[in-house]
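Okay, structure first, notes after.
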Amino acid sequence: MESLFLNLEFSPISTKSPKPTSFLLSSPRFSSLKSRVITKKWSVSVPCVCSSSPSVKKTESKLHSNGQDFIKSVGKGVIGFAAAATTLASVCYDAPAFAESLTVAFPVSRAPEVNTVQRTLVEAWGLIRETFVDPTFNHQDWDLKLQQTMVEMFPLNSADVAYTKISGMLSTLGDPFTRIISPKEYQSFRIGSDGNLQGVGIFINIEPRTGHLVVLSCVKGSPAARAGIHEGDELIEINGERLDGVTSEAAAQKLRGTAGTSVKVKVHSDMESSRDAGIREVNLPREYITLSPISSTIIPHKTPDGHLTKTGYVKLSAFSQSAAIDMANTILDMETQGVHSYILDLRNNPGGLVKAGLDVAQIWLDGDETLVNTIDRDGNMLPINMVDGHAITHDPLVVLVNEGSASASEILAGALHDNGRAILVGHKTFGKGKIQSVTELHDGSALFVTVAKYLSPALHDIDQVGIMPDVQCTTDMLNSPRDSLLKNESSTSSLEADSCILVAEHELDIQESGGTAS
């Protein structure tokens with residue numbers, strides 16, 4: 001029988017089918033409540049990886065203003081959650097991608113659906129080869145890995161099984177955040193980023209140290225929250241199916257569904273203080289979930305010298321596309337109501353669009369401050385700086401964080417803390433200091449690739465370490481005399497027993513007495 005072969009020649013290659021959909025530099029600046037828009041200015045030194053010559057040369061260039069021409073050469077900006085962040089370097093596939101020549105022949109599957117996955121495999125392999133943060137590919141021959149995976153895929157008859165071969169190849173990189181998701185999962189991912197979905201209201205992610213699926217947070221009032229599911233709980237089964245080796249996107253897809261249906265979830269909680277500790281199974285109804293990223297209130301606050309003042313409490317639950325404008329509108333509205341200090345609550349915020357995190361940071365910062373530093377695969381440090389920034393308010397600020405604060409939350413907390421704008425109160429953050437690009441592939445699937453690591457402005461490594469707050473808060477602090485200040489305020493009843501709010505108010509008193517934020 002005659003054999004069919006797929007000939008792949010990289011000399012160098014130009015792959016126009018991938019559409020890069022991750023970038024960070026476009027940024028609108030909102031100067032008034034739901035109205036005038038001006039340009040937010042950033043400055044970033046980036047290596048140019050787009051070249052018309054066979055060898056890719058790195059050059060340093062300054063990008064000022066919004067860099068629209070540069071951004072258009074990259075593609076539409078869509079950044080992933082959790083949390084899945086964004087790439088800070090251009091990924092150009094209309095230009096040559098490889099500096100050396102490589103020609104390989106592979107057997108083509110006679111099953112059309114598997115043949116399609118073979119092409120997706122080559123596409124994903126090429127993206128990893130050019131952008132993955134570890135140029136050693138976890139100390140393996142990445143070209144040989146493509147050959148091995150293609151041979152393993154050849155005899156298969158199922159596209160689903162063929163996709164597992166791509167996932168298996170990616171798993172050898174030793175990075176749980178570099179992964180491929182199916183077209184259906186990618187559509188769900190995009191719906192979640194837009195803030196509209198039908199499901200149970202739960203944010204999940206893979207805990208990198210254990211590989212387990214854990215709950216980062218639940219949407220307030222959602223079916224998951226009403227069932228007593230808490231951050232830190234481990235998901236074991238969905239509808240009787242074990243979740244060993246299942247990605248967070250695949251698990252999220254299983255949890256979502258038409259409103260009015262239900263899903264059975266088995267969870268494990270080791271919270272000693274919870275009456276639901278241990279393994280239990282709950283039946284969760286699916287509902288329409290509105291992911292409004294901002295909730296806020298004004299807390300009447302009595303200072304140590306007896307003056308009654310107002311503290312603006314703003315909770316940011318996720319970094320969606322509307323997070324920055326919603327935050328700006330909220331702060332501007334509070335300013336008109338006479339608020340003189342702020343508490344920004346990032347607890348259990350799993351992240352989202354990193355661009356949104358940087359936009360939010362600039363609501364609070366002035367000047368040419370560094371917002372974050374990235375380290376690319378060659379070890380080059382690339383700072384992202386503001387250019388002539390103007391904060392909406394200079395009032396004292398405290399930021400609340402905890403173990404559920406991840407990714408873009410940590411970037412924002414680090415930017416505000418290291419630039420001396422805010423005090424951090426709470427508990428150590430999650431510790432996700434890696435940046436992913438998200439690229440839609442030709443078949444509608446999507447590849448998440450870790451392309452860089454990031455450090456805080458003060459060069460603190462966050463990955464698997466987290467950020468330690470300036471002041472920790474515990475339940476023991478509920479007996480503080482300041483607890484009585486909120487007891488009679490029915491409008492803030494949900495905050496009455498929150499020890500971190502009380503500690504934050506104390507820190508705001510210190511800032512106001514000193515006259516500056518520290």
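Starting from 1 in every chain, residues are counted up; chains themselves are A, B, ... following the order of the structure tokens, and ligands are numbered from 1 as listed.
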Just asking: which residues within stretch 135-313 of chain A are strand (DSSP E) according to DSSP, as a PyMOL selection string? chain A and resi 179-181+196-199+202-206+213-218+234-238+241-242+262-269+278-285+287-290+294-302+308-313
At most 12 Å is the cut-off: for each residue in stretch 243-350 of chain A with any atom that close to an atom of stretch 412-422 of chain A, write down the nearest atom pair and the distance in Å rounded to one decimal, counting only C-alpha atoms, chain first then increasing number, as JSON lines.
```
{"residue": "A:Leu316", "atom": "CA", "partner": "A:Leu412", "partner_atom": "CA", "distance": 11.2}
{"residue": "A:Ala318", "atom": "CA", "partner": "A:Leu412", "partner_atom": "CA", "distance": 11.9}
{"residue": "A:Phe319", "atom": "CA", "partner": "A:Leu412", "partner_atom": "CA", "distance": 10.3}
{"residue": "A:Ala324", "atom": "CA", "partner": "A:Leu412", "partner_atom": "CA", "distance": 11.7}
{"residue": "A:Ser341", "atom": "CA", "partner": "A:Ala422", "partner_atom": "CA", "distance": 11.0}
{"residue": "A:Tyr342", "atom": "CA", "partner": "A:Ala422", "partner_atom": "CA", "distance": 9.7}
{"residue": "A:Ile343", "atom": "CA", "partner": "A:Ala422", "partner_atom": "CA", "distance": 9.5}
{"residue": "A:Leu344", "atom": "CA", "partner": "A:Ala422", "partner_atom": "CA", "distance": 9.5}
{"residue": "A:Asp345", "atom": "CA", "partner": "A:Ala413", "partner_atom": "CA", "distance": 10.1}
{"residue": "A:Leu346", "atom": "CA", "partner": "A:Ala413", "partner_atom": "CA", "distance": 8.2}
{"residue": "A:Arg347", "atom": "CA", "partner": "A:Ala413", "partner_atom": "CA", "distance": 10.7}
{"residue": "A:Asn349", "atom": "CA", "partner": "A:Leu412", "partner_atom": "CA", "distance": 11.1}
```
Put those residues in a file: all heavy atoms, as an mmCIF file, in the first residue's frame.
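Writing the result to out_17.cif gives the following:
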```cif
data_model
loop_
_atom_site.group_PDB
_atom_site.id
_atom_site.type_symbol
_atom_site.label_atom_id
_atom_site.label_comp_id
_atom_site.auth_asym_id
_atom_site.auth_seq_id
_atom_site.Cartn_x
_atom_site.Cartn_y
_atom_site.Cartn_z
ATOM 1 N N LEU A 316 -12.888 44.437 43.740
ATOM 2 C CA LEU A 316 -12.673 44.064 42.340
ATOM 3 C C LEU A 316 -12.552 42.545 42.294
ATOM 4 O O LEU A 316 -11.602 41.970 42.815
ATOM 5 C CB LEU A 316 -11.402 44.730 41.793
ATOM 6 C CG LEU A 316 -11.041 44.462 40.333
ATOM 7 C CD1 LEU A 316 -12.149 44.924 39.405
ATOM 8 C CD2 LEU A 316 -9.723 45.136 39.979
ATOM 9 N N ALA A 318 -12.656 40.475 39.451
ATOM 10 C CA ALA A 318 -11.957 39.899 38.301
ATOM 11 C C ALA A 318 -11.513 41.030 37.382
ATOM 12 O O ALA A 318 -12.096 42.113 37.387
ATOM 13 C CB ALA A 318 -12.866 38.926 37.538
ATOM 14 N N PHE A 319 -10.475 40.761 36.596
ATOM 15 C CA PHE A 319 -9.955 41.758 35.663
ATOM 16 C C PHE A 319 -10.542 41.498 34.274
ATOM 17 O O PHE A 319 -9.895 40.938 33.400
ATOM 18 C CB PHE A 319 -8.432 41.731 35.647
ATOM 19 C CG PHE A 319 -7.824 42.246 36.909
ATOM 20 C CD1 PHE A 319 -7.578 41.391 37.973
ATOM 21 C CD2 PHE A 319 -7.521 43.590 37.063
ATOM 22 C CE1 PHE A 319 -7.038 41.858 39.159
ATOM 23 C CE2 PHE A 319 -6.981 44.076 38.245
ATOM 24 C CZ PHE A 319 -6.735 43.202 39.292
ATOM 25 N N ALA A 324 -11.301 48.434 34.263
ATOM 26 C CA ALA A 324 -10.668 49.741 34.456
ATOM 27 C C ALA A 324 -11.679 50.878 34.371
ATOM 28 O O ALA A 324 -11.689 51.778 35.222
ATOM 29 C CB ALA A 324 -9.550 49.937 33.432
ATOM 30 N N SER A 341 -10.666 58.437 51.797
ATOM 31 C CA SER A 341 -9.714 57.314 51.853
ATOM 32 C C SER A 341 -10.376 56.102 51.210
ATOM 33 O O SER A 341 -11.613 56.058 51.087
ATOM 34 C CB SER A 341 -9.300 57.007 53.301
ATOM 35 O OG SER A 341 -10.438 56.667 54.088
ATOM 36 N N TYR A 342 -9.549 55.130 50.822
ATOM 37 C CA TYR A 342 -10.070 53.996 50.055
ATOM 38 C C TYR A 342 -9.508 52.662 50.543
ATOM 39 O O TYR A 342 -8.352 52.570 50.972
ATOM 40 C CB TYR A 342 -9.742 54.156 48.572
ATOM 41 C CG TYR A 342 -10.522 55.256 47.899
ATOM 42 C CD1 TYR A 342 -10.013 56.555 47.850
ATOM 43 C CD2 TYR A 342 -11.759 55.010 47.328
ATOM 44 C CE1 TYR A 342 -10.714 57.580 47.241
ATOM 45 C CE2 TYR A 342 -12.480 56.023 46.713
ATOM 46 C CZ TYR A 342 -11.958 57.302 46.675
ATOM 47 O OH TYR A 342 -12.669 58.306 46.083
ATOM 48 N N ILE A 343 -10.358 51.640 50.434
ATOM 49 C CA ILE A 343 -9.955 50.246 50.621
ATOM 50 C C ILE A 343 -10.258 49.519 49.317
ATOM 51 O O ILE A 343 -11.419 49.455 48.891
ATOM 52 C CB ILE A 343 -10.712 49.577 51.780
ATOM 53 C CG1 ILE A 343 -10.414 50.283 53.102
ATOM 54 C CG2 ILE A 343 -10.345 48.090 51.875
ATOM 55 C CD1 ILE A 343 -11.274 49.811 54.267
ATOM 56 N N LEU A 344 -9.230 49.001 48.661
ATOM 57 C CA LEU A 344 -9.377 48.236 47.426
ATOM 58 C C LEU A 344 -9.226 46.758 47.766
ATOM 59 O O LEU A 344 -8.162 46.312 48.199
ATOM 60 C CB LEU A 344 -8.325 48.661 46.404
ATOM 61 C CG LEU A 344 -8.255 47.854 45.103
ATOM 62 C CD1 LEU A 344 -9.595 47.863 44.369
ATOM 63 C CD2 LEU A 344 -7.147 48.389 44.202
ATOM 64 N N ASP A 345 -10.286 45.994 47.608
ATOM 65 C CA ASP A 345 -10.323 44.587 48.018
ATOM 66 C C ASP A 345 -10.052 43.684 46.822
ATOM 67 O O ASP A 345 -10.877 43.559 45.912
ATOM 68 C CB ASP A 345 -11.692 44.283 48.628
ATOM 69 C CG ASP A 345 -11.712 42.956 49.384
ATOM 70 O OD1 ASP A 345 -10.771 42.160 49.201
ATOM 71 O OD2 ASP A 345 -12.671 42.730 50.150
ATOM 72 N N LEU A 346 -8.884 43.032 46.826
ATOM 73 C CA LEU A 346 -8.507 42.076 45.776
ATOM 74 C C LEU A 346 -8.532 40.644 46.286
ATOM 75 O O LEU A 346 -8.028 39.736 45.613
ATOM 76 C CB LEU A 346 -7.102 42.396 45.243
ATOM 77 C CG LEU A 346 -6.907 43.760 44.588
ATOM 78 C CD1 LEU A 346 -5.457 43.920 44.125
ATOM 79 C CD2 LEU A 346 -7.863 43.957 43.415
ATOM 80 N N ARG A 347 -9.115 40.421 47.438
ATOM 81 C CA ARG A 347 -9.166 39.061 47.983
ATOM 82 C C ARG A 347 -9.997 38.154 47.082
ATOM 83 O O ARG A 347 -11.048 38.542 46.582
ATOM 84 C CB ARG A 347 -9.748 39.071 49.396
ATOM 85 C CG ARG A 347 -8.830 39.722 50.425
ATOM 86 C CD ARG A 347 -9.472 39.826 51.791
ATOM 87 N NE ARG A 347 -10.658 40.702 51.770
ATOM 88 C CZ ARG A 347 -11.419 40.934 52.836
ATOM 89 N NH1 ARG A 347 -11.124 40.345 53.987
ATOM 90 N NH2 ARG A 347 -12.468 41.741 52.741
ATOM 91 N N ASN A 349 -9.556 37.377 44.125
ATOM 92 C CA ASN A 349 -9.592 37.798 42.727
ATOM 93 C C ASN A 349 -8.547 36.972 41.977
ATOM 94 O O ASN A 349 -7.342 37.169 42.167
ATOM 95 C CB ASN A 349 -9.282 39.287 42.608
ATOM 96 C CG ASN A 349 -9.343 39.795 41.175
ATOM 97 O OD1 ASN A 349 -9.034 39.074 40.233
ATOM 98 N ND2 ASN A 349 -9.717 41.045 41.016
#
```
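Minimum atom-to-atom distances from A:Ala408, A:Ile294, A:Val360, A:Ser445 to A:Ile166 were compared using only C-alpha atoms, and the lowest value belongs to A:Ser445.
The list of residues with at least one atom within 10 Å of A:Gly245, based on only C-alpha atoms and without residues fewer than 5 positions apart in the same chain, reads Ile206, Gly211, His212 and Leu213 of chain A.
With only C-alpha atoms as the atoms that count, the minimum distance from A:Ser188 to the choices A:Ile467, A:Gly257, A:Pro135, A:Leu371 is reached by A:Gly257.
Close contacts of A:Val451, defined as residues with an atom at most 8 Å away when counting only C-alpha atoms, with chain neighbours fewer than 5 positions off set aside, comprise Thr87, Thr131, Phe132, Val133, Asp376, Arg377, Lys434, Ile435, Gln436 and Ser437 of chain A.
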Select from stretch 274-318 of chain A every residue with an atom at most 12 Å from any atom of stretch 327-333 of chain A, then for each give the shortest pair of atoms and their distance in Å to one decimal, using only C-alpha atoms, rows by chain and rising number, as a Markdown table.
```
| residue | atom | partner | partner_atom | distance |
| --- | --- | --- | --- | --- |
| A:Ser292 | CA | A:Met327 | CA | 11.1 |
| A:Pro293 | CA | A:Met327 | CA | 8.7 |
| A:Ile294 | CA | A:Met327 | CA | 6.8 |
| A:Ser295 | CA | A:Thr330 | CA | 8.9 |
| A:Ser296 | CA | A:Thr330 | CA | 7.7 |
| A:Thr297 | CA | A:Thr330 | CA | 9.7 |
| A:Ile298 | CA | A:Asp333 | CA | 10.8 |
| A:Thr311 | CA | A:Ile331 | CA | 11.3 |
| A:Gly312 | CA | A:Ile331 | CA | 8.1 |
| A:Tyr313 | CA | A:Ile331 | CA | 9.8 |
| A:Val314 | CA | A:Thr330 | CA | 8.1 |
| A:Lys315 | CA | A:Met327 | CA | 9.4 |
| A:Leu316 | CA | A:Met327 | CA | 8.2 |
| A:Ser317 | CA | A:Met327 | CA | 11.3 |
| A:Ala318 | CA | A:Met327 | CA | 11.4 |
```
Take the residues from that selection and put them in a file with N, CA and C atoms, as a compact mmCIF listing (two decimals), in the first residue's frame.
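Contents of out.txt, as written:
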```txt
# COMPACT_ATOMS: atom_id res chain seq x y z
N SER A 292 -20.10 41.00 37.13
CA SER A 292 -19.78 42.41 37.30
C SER A 292 -18.53 42.51 38.16
N PRO A 293 -17.46 43.12 37.65
CA PRO A 293 -16.19 43.06 38.38
C PRO A 293 -16.11 43.97 39.59
N ILE A 294 -17.01 44.95 39.71
CA ILE A 294 -16.91 45.95 40.76
C ILE A 294 -18.14 45.92 41.66
N SER A 295 -17.91 45.92 42.96
CA SER A 295 -18.95 46.21 43.94
C SER A 295 -18.36 47.21 44.94
N SER A 296 -19.19 48.10 45.44
CA SER A 296 -18.64 49.17 46.28
C SER A 296 -19.67 49.66 47.28
N THR A 297 -19.17 50.34 48.30
CA THR A 297 -20.00 51.01 49.29
C THR A 297 -19.16 52.06 49.98
N ILE A 298 -19.81 52.96 50.65
CA ILE A 298 -19.12 53.98 51.44
C ILE A 298 -19.31 53.66 52.91
N THR A 311 -14.95 56.40 54.07
CA THR A 311 -13.99 55.52 53.42
C THR A 311 -14.69 54.79 52.28
N GLY A 312 -14.12 54.88 51.10
CA GLY A 312 -14.69 54.17 49.95
C GLY A 312 -14.17 52.74 49.89
N TYR A 313 -15.09 51.79 49.94
CA TYR A 313 -14.73 50.38 49.84
C TYR A 313 -15.06 49.90 48.43
N VAL A 314 -14.06 49.39 47.72
CA VAL A 314 -14.24 48.91 46.35
C VAL A 314 -13.69 47.50 46.25
N LYS A 315 -14.56 46.56 45.87
CA LYS A 315 -14.12 45.18 45.67
C LYS A 315 -14.05 44.90 44.19
N LEU A 316 -12.89 44.44 43.74
CA LEU A 316 -12.67 44.06 42.34
C LEU A 316 -12.55 42.54 42.29
N SER A 317 -13.54 41.89 41.67
CA SER A 317 -13.60 40.43 41.71
C SER A 317 -12.87 39.76 40.56
N ALA A 318 -12.66 40.48 39.45
CA ALA A 318 -11.96 39.90 38.30
C ALA A 318 -11.51 41.03 37.38
```
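Considering only C-alpha atoms, the residue among A:His268, A:Arg286, A:Lys145, A:Lys220 positioned nearest to A:Leu197 is A:Arg286.
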